[in-house]
file model_28.txt (compact mmCIF, C-alpha atoms)
# COMPACT_ATOMS: atom_id res chain seq x y z
CA MET A 148 -65.94 15.59 65.95
CA ARG A 149 -68.58 13.00 66.73
CA ASN A 150 -66.05 11.13 68.84
CA VAL A 151 -66.33 13.82 71.51
CA THR A 152 -69.58 12.18 72.68
CA TRP A 153 -69.54 9.08 70.43
CA ASP A 154 -72.51 10.57 68.61
CA TYR A 155 -73.38 7.64 66.35
CA ALA A 156 -76.47 5.58 65.63
CA ASN A 157 -74.77 2.59 67.30
CA ALA A 158 -73.59 4.56 70.35
CA ALA A 159 -75.21 1.98 72.63
CA ASP A 160 -72.77 -0.58 71.23
CA VAL A 161 -69.71 1.70 71.23
CA LYS A 162 -69.91 3.33 74.66
CA PRO A 163 -69.67 0.16 76.78
CA PHE A 164 -66.38 -0.64 75.06
CA ILE A 165 -65.07 2.90 75.58
CA ASN A 166 -66.04 2.81 79.25
CA SER A 167 -64.25 -0.52 79.68
CA LEU A 168 -60.86 0.86 78.63
CA TYR A 169 -58.04 1.63 81.06
CA PRO A 170 -59.36 4.31 83.46
CA PHE A 171 -56.99 6.99 82.19
CA VAL A 172 -57.72 6.49 78.48
CA VAL A 173 -60.94 8.49 78.18
CA PRO A 174 -59.86 11.57 80.18
CA GLN A 175 -56.42 11.44 78.57
CA SER A 176 -57.92 11.34 75.07
CA LEU A 177 -58.21 15.12 75.28
CA VAL A 178 -54.74 16.44 74.49
CA GLN A 179 -53.17 19.18 76.59
CA VAL A 180 -51.45 21.62 74.26
CA GLU A 181 -48.24 23.53 74.98
CA ALA A 182 -48.09 27.28 75.54
CA VAL A 183 -45.84 29.04 73.02
CA ASN A 184 -46.69 32.49 74.38
CA ALA A 185 -49.25 32.28 77.17
CA ALA A 186 -49.67 36.06 77.37
CA GLN A 187 -50.71 36.11 73.70
CA GLN A 188 -52.86 32.97 74.11
CA HIS A 189 -50.65 31.23 71.56
CA PHE A 190 -50.49 27.42 71.77
CA ALA A 191 -49.15 24.41 69.87
CA VAL A 192 -49.90 20.71 69.74
CA PRO A 193 -46.85 18.70 70.89
CA ASP A 194 -45.03 17.60 67.74
CA GLY A 195 -44.76 13.96 68.75
CA ILE A 196 -48.52 13.58 69.08
CA ALA A 197 -49.66 15.88 66.27
CA PRO A 198 -52.40 14.22 64.20
CA GLY A 199 -51.37 11.93 61.37
CA ALA A 200 -53.26 11.55 58.11
CA PHE A 201 -56.96 11.59 59.03
CA GLY A 202 -56.15 11.32 62.71
CA TYR A 203 -57.38 14.02 65.06
CA THR A 204 -56.58 16.02 68.18
CA LYS A 205 -59.34 16.87 70.68
CA ILE A 206 -58.74 19.94 72.84
CA THR A 207 -61.01 20.98 75.71
CA LEU A 208 -61.70 24.71 75.71
CA VAL A 209 -62.72 26.78 78.73
CA PRO A 210 -64.72 29.87 77.61
CA SER A 211 -63.74 33.15 79.23
CA SER A 212 -67.39 33.79 80.10
CA SER A 213 -70.72 32.02 79.81
CA GLY A 214 -71.86 32.20 76.20
CA ALA A 215 -68.58 33.71 74.98
CA LEU A 216 -67.71 34.08 71.30
CA VAL A 217 -64.61 31.96 70.65
CA ARG A 218 -62.25 33.02 67.85
CA VAL A 219 -59.30 30.96 66.61
CA HIS A 220 -56.48 31.54 64.15
CA LEU A 221 -54.93 28.16 63.28
CA LYS A 222 -51.84 27.69 61.14
CA GLY A 223 -50.10 24.45 60.24
CA HIS A 224 -46.44 23.71 59.59
CA VAL A 225 -46.61 22.85 55.91
CA ASP A 226 -44.46 20.06 54.49
CA PRO A 227 -45.03 19.78 50.72
CA ASN A 228 -43.76 16.20 50.75
CA GLY A 229 -46.59 15.25 53.10
CA GLY A 230 -49.31 17.17 51.25
CA SER A 231 -50.07 19.06 54.45
CA GLY A 232 -53.65 20.02 55.20
CA TRP A 233 -55.83 20.63 58.25
CA SER A 234 -59.56 20.56 58.95
CA TYR A 235 -61.09 21.64 62.23
CA GLY A 236 -64.30 22.52 63.96
CA PHE A 237 -65.91 23.18 67.32
CA VAL A 238 -68.20 20.94 69.35
CA GLY A 239 -70.56 22.26 72.03
CA VAL A 240 -72.05 19.74 74.47
CA THR A 241 -75.01 20.33 76.79
CA ASN A 242 -76.37 17.46 78.90
CA GLY A 243 -74.59 15.00 76.65
CA VAL A 244 -76.10 16.39 73.44
CA ALA A 245 -73.57 17.71 70.92
CA ARG A 246 -73.85 20.45 68.34
CA TYR A 247 -71.25 21.04 65.66
CA SER A 248 -69.77 24.03 63.90
CA PRO A 249 -69.07 24.06 60.19
CA ILE A 250 -65.67 22.57 59.32
CA THR A 251 -62.86 24.97 58.40
CA GLN A 252 -60.14 23.73 56.05
CA GLY A 253 -56.78 25.14 55.02
CA THR A 254 -53.23 25.74 56.15
CA ASP A 255 -53.74 29.23 57.63
CA THR A 256 -57.33 30.02 58.59
CA GLU A 257 -59.58 31.69 61.14
CA ALA A 258 -62.91 30.52 62.55
CA THR A 259 -65.44 31.51 65.20
CA PHE A 260 -67.88 29.65 67.41
CA GLN A 261 -70.67 31.21 69.45
CA THR A 262 -70.88 29.20 72.66
CA ARG A 263 -74.00 28.79 74.76
CA ALA A 264 -74.37 29.26 78.48
CA GLY A 265 -73.19 26.29 80.48
CA GLU A 266 -72.04 24.06 77.61
CA GLN A 267 -68.76 22.20 77.32
CA VAL A 268 -66.68 23.27 74.34
CA TYR A 269 -64.08 21.38 72.31
CA LEU A 270 -61.78 22.15 69.39
CA VAL A 271 -61.15 19.14 67.14
CA VAL A 272 -58.32 19.33 64.58
CA SER A 273 -57.71 16.64 61.96
CA GLY A 274 -54.80 16.10 59.60
CA THR A 275 -56.34 16.09 56.12
CA PRO A 276 -53.59 15.87 53.49
CA THR A 277 -54.24 16.87 49.90
CA ALA A 278 -53.55 13.28 48.80
CA VAL A 279 -53.79 10.02 50.73
CA PRO A 280 -50.25 8.99 51.77
CA LYS A 281 -49.33 5.47 50.73
CA HIS A 282 -47.51 3.32 53.29
CA GLY A 283 -46.33 -0.24 53.51
CA PHE A 284 -48.06 -2.50 56.02
CA LEU A 285 -45.15 -2.39 58.48
CA ASP A 286 -44.19 1.25 57.94
CA GLY A 287 -43.97 2.72 61.42
CA TYR A 288 -44.10 6.10 63.09
CA PRO A 289 -41.02 7.72 61.46
CA GLU A 290 -42.33 6.87 58.00
CA ASN A 291 -45.77 8.42 58.52
CA TYR A 292 -46.35 12.12 58.03
CA ARG A 293 -47.72 14.12 60.93
CA TYR A 294 -49.44 17.50 60.75
CA PRO A 295 -48.33 19.81 63.61
CA PHE A 296 -50.16 23.08 64.09
CA GLU A 297 -50.28 26.17 66.27
CA PHE A 298 -53.12 28.52 67.11
CA ARG A 299 -54.07 31.69 68.91
CA ILE A 300 -57.42 31.88 70.61
CA ASP A 301 -59.71 34.58 71.97
CA GLY A 302 -62.77 34.07 74.15
CA ALA A 303 -61.48 30.81 75.65
CA LEU A 304 -58.34 29.01 76.78
CA PRO A 305 -57.29 25.38 76.33
CA SER A 306 -57.97 23.37 79.46
CA GLY A 307 -54.91 23.36 81.68
CA HIS A 308 -54.02 26.95 80.88
CA GLU A 309 -56.93 28.79 82.49
CA PRO A 310 -56.36 30.69 85.78
CA GLY A 311 -56.82 28.48 88.84
CA PHE A 312 -56.78 25.25 86.84
CA THR A 313 -56.87 22.00 88.82
CA ARG A 314 -57.22 18.54 87.30
CA GLY A 315 -59.54 17.18 89.93
CA THR A 316 -59.40 13.62 91.18
CA ALA A 317 -57.46 11.20 88.99
CA PRO A 318 -59.67 8.42 87.59
CA GLY A 319 -59.34 4.74 88.34
CA GLY A 320 -57.84 5.19 91.79
CA GLY A 321 -54.67 6.66 90.29
CA ARG A 322 -52.95 9.96 90.96
CA TRP A 323 -51.57 12.88 89.01
CA HIS A 324 -47.78 12.86 89.19
CA ALA A 325 -46.44 16.03 90.82
CA ASN A 326 -43.59 16.30 88.30
CA GLY A 327 -45.40 16.66 84.97
CA GLY A 328 -49.04 15.98 85.81
CA GLY A 329 -49.39 12.59 84.09
CA TRP A 330 -51.54 9.70 85.32
CA VAL A 331 -49.87 7.17 87.65
CA ASP A 332 -51.50 3.95 88.84
CA SER A 333 -51.81 3.54 92.62
CA ARG A 334 -49.78 0.32 92.29
CA ALA A 335 -46.89 1.95 90.41
CA ASN A 336 -43.62 3.13 91.94
CA VAL A 337 -42.65 6.46 90.38
CA ALA A 338 -39.86 8.58 91.88
CA SER A 339 -40.48 12.25 92.54
CA THR A 340 -37.42 13.02 90.39
CA ALA A 341 -38.93 11.25 87.38
CA TYR A 342 -41.11 13.15 84.91
CA VAL A 343 -44.50 11.94 83.66
CA GLY A 344 -45.97 14.42 81.17
CA PRO A 345 -49.60 15.57 81.20
CA ASN A 346 -50.64 13.24 78.36
CA ALA A 347 -48.56 10.22 79.47
CA ALA A 348 -49.43 7.33 81.82
CA VAL A 349 -47.76 4.75 84.06
CA TYR A 350 -49.94 1.69 84.57
CA GLY A 351 -50.00 -1.26 86.95
CA ARG A 352 -47.01 -2.45 88.97
CA SER A 353 -44.41 -0.60 86.93
CA THR A 354 -41.39 1.39 88.10
CA VAL A 355 -40.03 4.73 86.90
CA SER A 356 -36.94 5.99 88.73
CA GLY A 357 -34.00 8.38 88.51
CA THR A 358 -34.53 11.30 86.16
CA ALA A 359 -36.32 9.22 83.54
CA ARG A 360 -38.93 11.01 81.43
CA ILE A 361 -42.25 9.68 80.14
CA GLU A 362 -43.48 12.20 77.56
CA GLY A 363 -46.09 12.65 74.84
CA LEU A 364 -48.74 9.93 74.80
CA ALA A 365 -46.28 7.26 75.95
CA TRP A 366 -47.34 4.46 78.33
CA VAL A 367 -45.42 2.29 80.71
CA ASN A 368 -47.49 -0.85 81.03
CA ASP A 369 -47.88 -3.20 83.99
CA GLY A 370 -44.46 -4.60 84.94
CA GLY A 371 -42.36 -2.25 82.81
CA THR A 372 -39.28 -0.44 84.18
CA VAL A 373 -37.76 2.89 83.12
CA SER A 374 -34.70 4.21 84.96
CA GLY A 375 -31.59 6.39 84.75
CA SER A 376 -31.97 9.27 82.32
CA ALA A 377 -33.92 7.27 79.74
CA VAL A 378 -36.69 8.97 77.75
CA VAL A 379 -39.92 7.33 76.59
CA ARG A 380 -41.91 9.66 74.34
CA ASP A 381 -44.42 10.10 71.51
CA SER A 382 -46.70 7.03 71.36
CA ALA A 383 -44.15 4.47 72.56
CA LEU A 384 -45.21 1.59 74.80
CA ILE A 385 -43.05 -0.14 77.42
CA GLN A 386 -44.50 -3.57 78.05
CA GLY A 387 -44.26 -5.73 81.15
CA GLY A 388 -40.83 -7.32 81.62
CA VAL A 389 -39.06 -4.68 79.50
CA SER A 390 -36.37 -2.49 81.11
CA ILE A 391 -35.31 0.85 79.61
CA GLY A 392 -32.45 2.64 81.35
CA GLY A 393 -29.20 4.52 80.95
CA THR A 394 -29.42 6.99 78.07
CA ALA A 395 -31.84 5.02 75.89
CA VAL A 396 -34.54 6.92 73.99
CA VAL A 397 -37.73 5.11 72.98
CA GLY A 398 -40.17 7.07 70.83
CA GLY A 399 -42.50 6.92 67.89
CA ASP A 400 -44.59 3.75 68.07
CA ALA A 401 -41.70 1.60 69.31
CA GLU A 402 -42.29 -1.35 71.65
CA PRO A 403 -38.79 -2.68 72.37
CA SER A 404 -38.16 -5.99 74.07
CA GLY A 405 -35.49 -6.98 76.56
CA THR A 406 -33.19 -4.49 78.29
CA CYS A 407 -32.05 -1.28 76.56
CA THR A 408 -29.49 1.04 78.16
CA SER A 409 -28.45 3.05 75.09
CA GLY A 410 -29.57 3.81 71.56
CA THR A 411 -32.68 5.35 70.01
CA TYR A 412 -35.71 3.31 68.98
CA LEU A 413 -38.46 5.09 67.04
CA MET A 414 -40.43 2.40 65.23
CA PHE A 415 -42.29 -0.79 66.01
CA ASP A 416 -39.92 -3.42 64.64
CA PRO A 417 -40.14 -6.95 66.07
CA ASP A 418 -36.78 -7.83 64.49
CA ARG A 419 -34.78 -5.06 66.14
CA ARG A 420 -33.19 -5.79 69.48
CA CYS A 421 -31.59 -3.42 72.00
CA ASP A 422 -28.55 -2.79 69.80
CA GLY A 423 -27.59 0.69 71.01
CA GLY A 424 -27.89 2.07 67.48
CA ALA A 425 -29.24 5.34 66.14
CA GLY A 426 -32.92 5.95 65.60
CA GLU A 427 -34.76 5.40 62.36
CA THR A 428 -34.91 8.37 59.97
CA ASP A 429 -38.07 10.44 60.34
CA VAL A 430 -39.71 11.69 57.13
CA ASN A 431 -41.14 14.69 59.00
CA ARG A 432 -38.92 17.71 58.68
CA ALA A 433 -37.96 19.93 61.59
CA HIS A 434 -39.64 23.30 62.03
CA GLY A 435 -39.53 26.31 64.30
CA ARG A 436 -42.37 28.24 65.92
CA PHE A 437 -44.61 30.85 64.37
CA THR A 438 -44.52 34.30 65.89
CA SER A 439 -47.65 35.40 67.72
CA ALA A 440 -47.98 38.18 65.15
CA GLU A 441 -48.29 35.58 62.38
CA LEU A 442 -51.27 34.17 64.27
CA ALA A 443 -52.99 37.48 64.95
CA ILE A 444 -56.78 37.14 65.00
CA THR A 445 -58.03 39.58 62.39
CA GLY A 446 -61.56 38.43 61.70
CA GLY A 447 -62.54 34.84 61.22
CA SER A 448 -65.03 32.87 59.24
CA THR A 449 -68.52 32.76 60.63
CA PRO A 450 -71.09 30.02 60.06
CA THR A 451 -73.11 30.46 56.92
CA PRO A 452 -76.36 32.24 57.85
CA SER A 453 -79.54 30.26 57.39
CA PRO A 454 -81.29 31.40 54.22
CA THR A 455 -84.81 32.76 54.48
CA PRO A 456 -87.20 29.95 53.47
CA THR A 457 -88.68 30.44 50.02
CA PRO A 458 -92.41 31.28 50.32
CA THR A 459 -94.95 29.00 48.67
CA PRO A 460 -95.56 30.40 45.16
CA THR A 461 -99.07 31.29 44.05
CA PRO A 462 -100.27 29.05 41.17
CA THR A 463 -100.42 30.87 37.83
CA PRO A 464 -103.80 30.36 36.05
CA THR A 465 -103.77 28.84 32.57
CA VAL A 466 -104.43 31.44 29.83
CA THR A 467 -106.23 30.44 26.60
CA ALA A 468 -104.86 31.99 23.42
CA THR A 469 -104.42 31.31 19.70
CA PRO A 470 -102.41 29.30 18.76
CA THR A 471 -102.91 26.76 21.55
CA PRO A 472 -100.41 27.68 24.29
CA THR A 473 -98.41 25.38 26.52
CA PRO A 474 -100.05 25.44 29.97
CA THR A 475 -98.04 27.02 32.76
CA PRO A 476 -97.18 24.27 35.28
CA THR A 477 -98.79 24.52 38.67
CA PRO A 478 -96.07 24.67 41.36
CA THR A 479 -96.12 21.93 43.97
CA PRO A 480 -97.25 23.49 47.27
CA THR A 481 -94.64 23.57 50.02
CA PRO A 482 -95.70 21.32 52.96
CA THR A 483 -97.05 23.30 55.87
CA ALA A 484 -95.34 22.84 59.23
CA PRO A 485 -97.45 22.32 62.35
CA ALA A 486 -98.25 25.60 64.07
CA GLY A 487 -95.21 27.10 65.75
CA ARG A 488 -92.72 24.54 64.45
CA SER A 489 -89.88 25.73 62.27
CA CYS A 490 -86.31 25.00 61.28
CA THR A 491 -83.44 26.63 59.43
CA ALA A 492 -80.74 25.17 57.20
CA ALA A 493 -77.19 26.55 56.97
CA TYR A 494 -75.36 25.34 53.86
CA THR A 495 -71.54 25.23 53.89
CA VAL A 496 -69.21 24.04 51.14
CA THR A 497 -66.28 22.42 52.95
CA SER A 498 -64.13 21.44 49.96
CA THR A 499 -64.14 21.66 46.17
CA TRP A 500 -62.16 20.24 43.27
CA PRO A 501 -62.67 20.26 39.49
CA GLY A 502 -66.01 18.59 38.92
CA GLY A 503 -66.94 17.92 42.53
CA PHE A 504 -67.43 19.18 46.06
CA VAL A 505 -68.38 18.28 49.62
CA ALA A 506 -71.01 20.28 51.50
CA THR A 507 -72.68 20.16 54.88
CA VAL A 508 -76.06 21.44 55.99
CA ARG A 509 -76.72 22.31 59.62
CA VAL A 510 -80.40 21.83 60.45
CA THR A 511 -81.53 23.79 63.52
CA ALA A 512 -84.94 23.64 65.16
CA GLY A 513 -86.73 26.85 66.06
CA THR A 514 -88.27 27.74 69.40
CA GLN A 515 -90.23 24.47 69.55
CA ALA A 516 -89.12 20.85 69.31
CA ILE A 517 -89.72 19.21 65.94
CA ASP A 518 -90.50 15.59 65.00
CA GLY A 519 -88.87 15.73 61.58
CA TRP A 520 -87.44 17.98 58.90
CA THR A 521 -86.87 18.23 55.16
CA VAL A 522 -84.07 20.25 53.56
CA THR A 523 -84.27 21.47 49.96
CA VAL A 524 -81.07 22.54 48.18
CA ASN A 525 -81.37 24.06 44.71
CA LEU A 526 -78.18 23.30 42.78
CA PRO A 527 -77.68 24.33 39.14
CA SER A 528 -76.32 20.97 38.01
CA GLY A 529 -74.73 17.71 39.05
CA ALA A 530 -75.69 14.77 41.21
CA VAL A 531 -75.18 13.41 44.71
CA VAL A 532 -72.70 10.52 44.81
CA HIS A 533 -72.57 10.04 48.58
CA HIS A 534 -74.48 11.34 51.59
CA TRP A 535 -74.44 10.87 55.35
CA SER A 536 -76.72 11.41 58.36
CA SER A 537 -79.62 11.87 55.93
CA GLU A 538 -81.77 10.23 53.25
CA VAL A 539 -82.16 11.52 49.68
CA LEU A 540 -85.88 12.12 49.03
CA GLY A 541 -85.52 13.84 45.66
CA THR A 542 -82.89 15.03 43.20
CA ALA A 543 -84.30 18.03 41.30
CA PRO A 544 -84.12 19.97 43.52
CA LEU A 545 -82.02 17.96 45.96
CA THR A 546 -84.27 17.06 48.88
CA LEU A 547 -82.85 15.52 52.03
CA GLY A 548 -84.69 14.00 54.97
CA PRO A 549 -83.47 12.66 58.32
CA ALA A 550 -81.82 9.34 58.99
CA ALA A 551 -83.50 6.99 61.44
CA TRP A 552 -81.73 8.51 64.43
CA ASN A 553 -81.82 12.29 63.90
CA SER A 554 -85.36 13.23 62.89
CA ARG A 555 -86.35 14.68 66.26
CA LEU A 556 -84.68 17.86 67.44
CA ALA A 557 -85.20 19.70 70.71
CA ALA A 558 -85.99 23.40 70.63
CA GLY A 559 -82.82 25.10 69.41
CA GLY A 560 -81.20 21.71 68.79
CA SER A 561 -79.29 20.99 65.62
CA VAL A 562 -77.78 18.23 63.53
CA GLU A 563 -75.26 18.36 60.70
CA ILE A 564 -75.79 16.36 57.54
CA GLY A 565 -73.63 16.26 54.44
CA PHE A 566 -73.14 15.03 50.92
CA GLN A 567 -70.60 14.75 48.12
CA GLY A 568 -71.77 16.07 44.80
CA THR A 569 -70.70 16.59 41.21
CA GLY A 570 -71.01 19.79 39.23
CA SER A 571 -71.40 23.24 40.76
CA SER A 572 -71.54 23.71 44.53
CA GLN A 573 -73.25 27.11 44.33
CA ALA A 574 -76.74 26.62 45.74
CA THR A 575 -79.28 29.19 44.57
CA SER A 576 -81.46 28.58 47.62
CA VAL A 577 -81.58 26.39 50.71
CA SER A 578 -84.67 25.89 52.87
CA CYS A 579 -85.90 23.75 55.73
CA THR A 580 -89.42 22.54 56.51
CA ALA A 581 -90.29 21.18 59.97
CA ARG A 582 -92.98 18.73 60.96

call {"tool": "encode", "arguments": {"input": "model_28.txt", "output": "structure tokens"}}
result
Amino acid sequence: MRNVTWDYANAADVKPFINSLYPFVVPQSLVQVEAVNAAQQHFAVPDGIAPGAFGYTKITLVPSSSGALVRVHLKGHVDPNGGSGWSYGFVGVTNGVARYSPITQGTDTEATFQTRAGEQVYLVVSGTPTAVPKHGFLDGYPENYRYPFEFRIDGALPSGHEPGFTRGTAPGGGRWHANGGGWVDSRANVASTAYVGPNAAVYGRSTVSGTARIEGLAWVNDGGTVSGSAVVRDSALIQGGVSIGGTAVVGGDAEPSGTCTSGTYLMFDPDRRCDGGAGETDVNRAHGRFTSAELAITGGSTPTPSPTPTPTPTPTPTVTATPTPTPTPTPTPTPTAPAGRSCTAAYTVTSTWPGGFVATVRVTAGTQAIDGWTVTVNLPSGAVVHHWSSEVLGTAPLTLGPAAWNSRLAAGGSVEIGFQGTGSSQATSVSCTAR
């Protein structure tokens, strides 16, 4: 989710590299989904570019109105052999500053996101299998599990499916191809009869002719040629000097060499030549489409409400009695926030297993900007074994403070922190103190 804006402490190092990539890479990193039933606002990620294990799909959403409530019902095509699982969340961006929803996990789930006026909104879906798949170093695309999903949405539409949609000016001096909408370099020669899909690209002085099709996230690189009725799909790459024609199909992560006029090539394999043979066997099983009724939006999970901060307890005076009693401890006073400054903390358990769990806490500033914050989480047992975007200030109760980069929050601004713990995940109270 942070990759929507590259929201990291070292963003100043990351962004120059991102901005130096091919001009179509950044805008094309937001996948256009396919309509299964547009009238029912039912969509699917293209199978060939569905996220792999711990990969992700970013989808731009266009709210139906300013500040709309967005509701989603997302369901994945489960393959027990691949340990199928999905995690997803929403990102809202205003003036380059991102805020994040809690993460929803499961194979058939609903979630909501309250948008704000004027912000950009994204849905980010990751493949999160129940166990980490083990692959050999050279195992290619057909031997890696993918996690296709479908969803229905209310309160927004995926970009490209809203009424009156136009893509605007193509970046990098390129153009959007009339047949398919993909990015084509101004130096490329692409026939009007050829198809370049909305997520595909043709770069440099390459040629695509006949009824050839460039689909999925496939690229034709500078100097490559695709002709006849050949198909280049998925995440395949046609390099300079390579010619694909006739009835050849190049998919997966294949990068063939030489001239191919027949056969199917689905995996990066430096030892395979254009032999006209069948494609490599794909471990992913075929599936149909869900009905729109199966994806009906019935409710949806809402973000965990921020608990009411626990008031500072009044010290109990020591009472003298016979026999000598044990003094009642004096509670430590809760730090007082500067006048008018406040924050809330929303605690969400994102996953659990016997003996452990992962939780996030969304810290949100009140009506005034704050210079820092402290979150207190009362857990009945256990310990923190890993944490992120925060510093552990105490353990009983668990007390978390900001990292070096996220202490200051604008009025209404928020940041999400998280930790992995042992023991019970059921917090008895969660509070936030601003400074």

call {"tool": "closest_residue", "arguments": {"input": "model_28.txt", "among": "A:Val389, A:Leu540, A:Val337, A:Leu413", "to": "Gly287 in chain A", "atoms": "all atoms listed in the file"}}
result
A:Leu413

call {"tool": "residues_around", "arguments": {"input": "model_28.txt", "residues": "Gln267 in chain A", "least_positions_apart": "5", "cutoff": "7 Å", "atoms": "only C-alpha atoms", "output": "list in words"}}
result
Gly239, Val240 and Thr241 of chain A

call {"tool": "write_last_selection", "arguments": {"input": "model_28.txt", "atoms": "C-alpha atoms", "output": "PDB file, in the frame of the given file"}}
result
ATOM      1  CA  GLY A 239     -70.560  22.260  72.030  1.00  0.00           C
ATOM      2  CA  VAL A 240     -72.050  19.740  74.470  1.00  0.00           C
ATOM      3  CA  THR A 241     -75.010  20.330  76.790  1.00  0.00           C
TER       4      THR A 241
END

call {"tool": "closest_atom_pairs", "arguments": {"input": "model_28.txt", "of": "range 272-367 of chain A", "to": "range 200-208 of chain A", "cutoff": "7 Å", "atoms": "only C-alpha atoms", "output": "Markdown table"}}
result
| residue | atom | partner | partner_atom | distance |
| --- | --- | --- | --- | --- |
| A:Val272 | CA | A:Thr204 | CA | 5.2 |
| A:Ser273 | CA | A:Tyr203 | CA | 4.1 |
| A:Gly274 | CA | A:Ala200 | CA | 5.0 |
| A:Thr275 | CA | A:Phe201 | CA | 5.4 |
| A:Pro276 | CA | A:Ala200 | CA | 6.3 |
| A:Tyr292 | CA | A:Ala200 | CA | 6.9 |
| A:Arg293 | CA | A:Ala200 | CA | 6.7 |
| A:Ala303 | CA | A:Leu208 | CA | 6.1 |
| A:Leu304 | CA | A:Leu208 | CA | 5.6 |
| A:Pro305 | CA | A:Leu208 | CA | 4.5 |
| A:Ser306 | CA | A:Thr207 | CA | 5.4 |

call {"tool": "atom_distance", "arguments": {"input": "model_28.txt", "atom1": "CA of Gln573 in chain A", "atom2": "CA of Thr254 in chain A"}}
result
23.3 Å

call {"tool": "residues_around", "arguments": {"input": "model_28.txt", "residues": "range 424-426 of chain A", "least_positions_apart": "4", "cutoff": "8 Å", "atoms": "only C-alpha atoms", "output": "short mmCIF file (atom, residue, chain, number, x, y, z; two decimals) with C-alpha atoms, in the frame of the given file"}}
result
data_model
loop_
_atom_site.label_atom_id
_atom_site.label_comp_id
_atom_site.auth_asym_id
_atom_site.auth_seq_id
_atom_site.Cartn_x
_atom_site.Cartn_y
_atom_site.Cartn_z
CA SER A 409 -28.45 3.05 75.09
CA GLY A 410 -29.57 3.81 71.56
CA THR A 411 -32.68 5.35 70.01
CA TYR A 412 -35.71 3.31 68.98
CA LEU A 413 -38.46 5.09 67.04
#

call {"tool": "decode", "arguments": {"input": "model_28.txt", "residues": "range 191-213 of chain A", "atoms": "C-alpha atoms", "output": "PDB file, in the first residue's frame"}}
result
ATOM      1  CA  ALA A 191     -11.892  -9.073 -12.294  1.00  0.00           C
ATOM      2  CA  VAL A 192      -8.128  -8.765 -12.438  1.00  0.00           C
ATOM      3  CA  PRO A 193      -6.812 -10.249 -15.714  1.00  0.00           C
ATOM      4  CA  ASP A 194      -5.660 -13.788 -14.907  1.00  0.00           C
ATOM      5  CA  GLY A 195      -2.270 -13.431 -16.537  1.00  0.00           C
ATOM      6  CA  ILE A 196      -1.310 -10.497 -14.328  1.00  0.00           C
ATOM      7  CA  ALA A 197      -3.034 -11.526 -11.092  1.00  0.00           C
ATOM      8  CA  PRO A 198      -0.703 -11.044  -8.116  1.00  0.00           C
ATOM      9  CA  GLY A 199       1.698 -13.829  -7.241  1.00  0.00           C
ATOM     10  CA  ALA A 200       2.770 -14.735  -3.725  1.00  0.00           C
ATOM     11  CA  PHE A 201       3.247 -11.422  -1.891  1.00  0.00           C
ATOM     12  CA  GLY A 202       2.932  -9.475  -5.115  1.00  0.00           C
ATOM     13  CA  TYR A 203       0.222  -6.857  -5.427  1.00  0.00           C
ATOM     14  CA  THR A 204      -2.238  -5.201  -7.786  1.00  0.00           C
ATOM     15  CA  LYS A 205      -2.913  -1.447  -7.547  1.00  0.00           C
ATOM     16  CA  ILE A 206      -6.278  -0.270  -8.878  1.00  0.00           C
ATOM     17  CA  THR A 207      -7.247   3.392  -9.185  1.00  0.00           C
ATOM     18  CA  LEU A 208     -10.792   4.040  -7.973  1.00  0.00           C
ATOM     19  CA  VAL A 209     -13.004   6.938  -9.031  1.00  0.00           C
ATOM     20  CA  PRO A 210     -15.555   7.739  -6.270  1.00  0.00           C
ATOM     21  CA  SER A 211     -19.126   8.275  -7.428  1.00  0.00           C
ATOM     22  CA  SER A 212     -19.247  11.539  -5.469  1.00  0.00           C
ATOM     23  CA  SER A 213     -16.922  13.676  -3.380  1.00  0.00           C
TER      24      SER A 213
END
